[in-house]
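Student: Structure below; questions to follow.
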Amino acid sequence: MSSLPSGENSETPPVVLQELEQIHRQILGNEFVPALAALAQLVARDMRNPRLWLYIGLAYTRMGNWKPAISALETVLQINPQEAQAKHLLALALFSTGRQQEAGDLIDKVVKGSHFGPHWLMRAYIHSHTSSDPLRALEVARDWGKRFADPLTRQARPLKVADRSPRKKLKVGYVTADFREHSVAFFMQPVLAHHDHANFEVHVYSNGPVDRVTILMHSMVPHWHDIQHLSDEEVYEQIRAQGIDVLVDLSGFTHGHRLGVFARRAAPVQVTWLGYMQTLGMKAMDYRLVDAGNAPPSHAPYYSEALFHLHCMASYAPPVYAPLCEQPPMLRNGYPTLVSLNSSAKITDDMLRVWARILQLREDAQLIIMVKEENADAAQSHMQPRVEAAGMPLDRVSVLHQQPLNQFMEMGHIADIALDTSPISGGTTTLHALWMGVPLVTLDAERGVDASTARTLQGLGFGGEIAQSVDEYVQAALNLMADPERLQQHRLTAREKLRQSVLMDYRARTAELEKAYRLMWLNYLGGHRRHLNVDVDLDSLLADMDASV
């Protein structure tokens with residue numbers, strides 16, 4: 001979500017500007033150590049140059065090292081209180097450290113009088129994740145959409161669809177920056193592996209970096225297009241030229257999105273799925289793929305997209321490396337260990353105080369808080385003061401920096417129970433916890449994004465405790481810690497239950513997805529959105545359309 005500095009400081013000498021261009025490229029290429037070393041030398045010569053501090057703030061923001069990011073960005077604003085980019089990045093940093101109200105207030109100030117799209121998108125992102133009012137999320141998304149996406153839609157050239165056959169081989173395009181070691185990949189690998197290539201021509205438009213997961217996913221796709229160095233206009237022209245029928249966004253408002261392509265109306269049917277649970281507020285996004293658990297039909301007024309209901313909105317492919325510890329660690333250690341696996345941006349100060357209550361009531365319990373920072377010092381610097389402020393027993397709380405996936409999947413050897421966050425719940429981490437044999441304690445909520453873990457546990461019929469209040473949440477954690485036999489049974493059965501669940505019935509999930517695409521295509525041909533779930537008898541519908549020709 002971090003945006004990049006724009007504009008130049010008129011007082012910055014040309015030679016320094018050239019150095020900053022090189023530093024900027026290093027930051028974009030994730031070469032943070034040389035970038036920060038060069039910036040330190042420049043700052044030593046010119047302590048009052050806000051541009052230098054802005055780049056320092058940007059580097060630390062992209063590293064997820066929030067404390068020095070906040071310090072650098074606050075320095076920018078002390079020198080130049082009007083620097084909007086510093087406020088933008090500072091709002092992200094505050095949001096990512098649980099200071100959500102401050103982040104919302106700051107980004108509201110940034111957008112006043114601003115015509116810079118990323119500021120408005122950041123505002124939509126922050127408010128939709130901090131407000132419990134779904135209509136507020138829709139409002140802030142539409143504030144972005146009507147200013148930046150919808151004008152492009154109105155200006156779009158009319159679509160020319162040569163083949164309007166209901167039974168044609170549909171060209172489906174997935175647009176994403178996250179076909180890599182990322183949560184989206186765990187849901188998309190089964191889809192790519194099980195697509196019906198006789199009836200669907202699959203394209204991927206990849207806007208992200210390459211790693212071993214990218215290489216694996218690339219091998220599953222007959223038409224792979226790297227679009228990282230193309231503009232939205234160029235990608236739009238390419239998709240139109242290739243005649244994509246159904247274009248699927250897998251990013252939403254997250255980093256690396258290409259919503260500008262969708263705004264230009266690149267394909268007849270445009271769908272958003274998986275990457276972002278909130279509404280996008282743009283008129284050119286026709287559908288959102290959901291299920292009745294995360295977005296029942298009654299929630300349709302909360303979304304700018306038409307809700308298209310699957311029986312189950314996603315598949316789940318667990319990480320290849322995930323050694324199972326069949327015995328709860330508490331039986332070996334003599335005390336229970338709780339863990340928070342979710343992003344630190346989801347850990348509010350209120351949540352920390354709830355966890356403090358649990359630790360106060362179970363005096364031998366340990367808690368591990370995993371955060372996004374990539375090194376131990378940054379993790380401690382961010383979370384330790386908040387842990388102290390929440391009144392936690394410091395000798396029983398550990399802060400763990402972000403772990404590589406293989407080490408993350410070993411947490412079941414250390415932790416007995418996972419504590420979910422609220423108001424924003426876990427998603428992929430919830431499924432990873434279950435695969436590790438670790439049950440969860442979660443709070444229920446109305447919106448799907450707030451109740452993702454609860455809906456997952458309800459759909460599976462196992463996996464932990466769903467609380468309706470904070471008091472119930474605390475008691476549920478205490479009850480699980482007091483029942484090692486239940487923890488043991490869960491570990492012995494969780495993986496097989498997941499294997500037998502709808503989440504891992506890959507052929508059925510992919511066939512259901514393909515049926516959704518076909519029904520959306522038929523809606524387009526008919527000029528309506530009549531069919532909004534997969535319970536339609538597709539064969540009969542196609543036969544009726546054949547007869548009417």
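Residue names in the structure tokens use chain letters A, B, ... in the order shown, residue numbers from 1 in each chain, and ligand numbers from 1 in the order shown.
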Pick out the residues sitting within 10 Å of segment 191-204 of chain A, and hand them over as number ranges by chain; count only C-alpha atoms, and ignore anything fewer than 2 positions along from it in its own chain.
Tutor: A: 167-176, 179, 185-189, 206-207, 217-227, 239, 242, 244-248, 314-317, 506-511, 513-514, 517-518
Student: Excluding Gly464 of chain A and any residue of its chain fewer than 6 positions from it, enumerate the residues within 7 Å of it, using only C-alpha atoms, and give them as a VMD selection string.
Tutor: chain A and resid 439 to 441
Student: Could you dump the residues just selected with C-alpha atoms as a tab-separated table (two decimals), in the first residue's frame?
Tutor:
```tsv
chain	number	residue	atom	x	y	z
A	439	PRO	CA	-7.18	-24.64	17.35
A	440	LEU	CA	-8.29	-21.02	17.41
A	441	VAL	CA	-10.25	-18.67	19.63
```
Student: May I have the residues within 8 Å of segment 351-360 of chain A as a list in words, using only C-alpha atoms and disregarding those fewer than 6 positions away in the same chain?
Tutor: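 Using only C-alpha atoms, the neighbours found are Gln366, Leu367, Arg386, Val387, Ala390, Gly391, Met392, Pro393, Thr421, Ser422, Val470, Val474, Ala477 and Leu478 of chain A.
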Student: For the residues selected in the previous step, produce a file with C-alpha atoms as a short mmCIF file (atom, residue, chain, number, x, y, z; two decimals), in the first residue's frame.
Tutor:
```cif
data_model
loop_
_atom_site.label_atom_id
_atom_site.label_comp_id
_atom_site.auth_asym_id
_atom_site.auth_seq_id
_atom_site.Cartn_x
_atom_site.Cartn_y
_atom_site.Cartn_z
CA GLN A 366 2.86 -17.97 27.78
CA LEU A 367 2.03 -15.77 24.78
CA ARG A 386 2.50 -1.72 23.46
CA VAL A 387 2.75 -4.97 25.40
CA ALA A 390 -1.50 -3.26 27.87
CA GLY A 391 -0.45 -4.50 31.30
CA MET A 392 0.88 -7.86 30.18
CA PRO A 393 3.29 -9.87 32.35
CA THR A 421 -7.67 -10.79 16.19
CA SER A 422 -10.65 -8.43 16.10
CA VAL A 470 -14.93 -10.38 24.79
CA VAL A 474 -11.42 -14.90 27.37
CA ALA A 477 -9.18 -19.50 25.78
CA LEU A 478 -9.20 -20.57 29.42
#
```
Student: Considering only C-alpha atoms, return as a list in words whatever protein or nucleic-acid residues lie within 9 Å of segment 539-543 of chain A, sequence-local ones (same chain, fewer than 3 positions apart) excluded.
Tutor: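 Returned residues: Pro166, Arg167, Leu522, Val536, Asp546, Ala547 and Ser548 of chain A.
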Student: Could you pull the residues within 8 Å of segment 86-96 of chain A, counting only C-alpha atoms, minus those fewer than 6 positions along the same chain, as a PyMOL selection string?
Tutor: chain A and resi 1-3+54+57-58+61+66+69-70+73-74+76-77+102-104+106-107+110+119+122+126+344-346
Student: Hey, can you check how far atom CA of Tyr335 of chain A sits from atom CA of Leu431 of chain A?
Tutor: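 Atom CA of Tyr335 of chain A sits 24.6 Å away from atom CA of Leu431 of chain A.
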Student: Just the number, please: distance in Å from atom CA of Met282 of chain A to atom CA of Gly448 of chain A, one decimal.
Tutor: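 Interatomic distance here is 19.7 Å.
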Student: Tell me, which residues of segment 365-487 of chain A carry DSSP strand (DSSP E), written as a list of chain:residue names?
Tutor: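 Result set for segment 365-487 of chain A (strand (DSSP E)): A:Gln366, A:Leu367, A:Ile368, A:Ile369, A:Met370, A:Val397, A:Ser398, A:Val399, A:Leu400, A:Ile417, A:Ala418, A:Leu419, A:Leu440, A:Val441, A:Thr442, A:Leu443, A:Gly464, A:Glu465, A:Ile466, A:Ala467.
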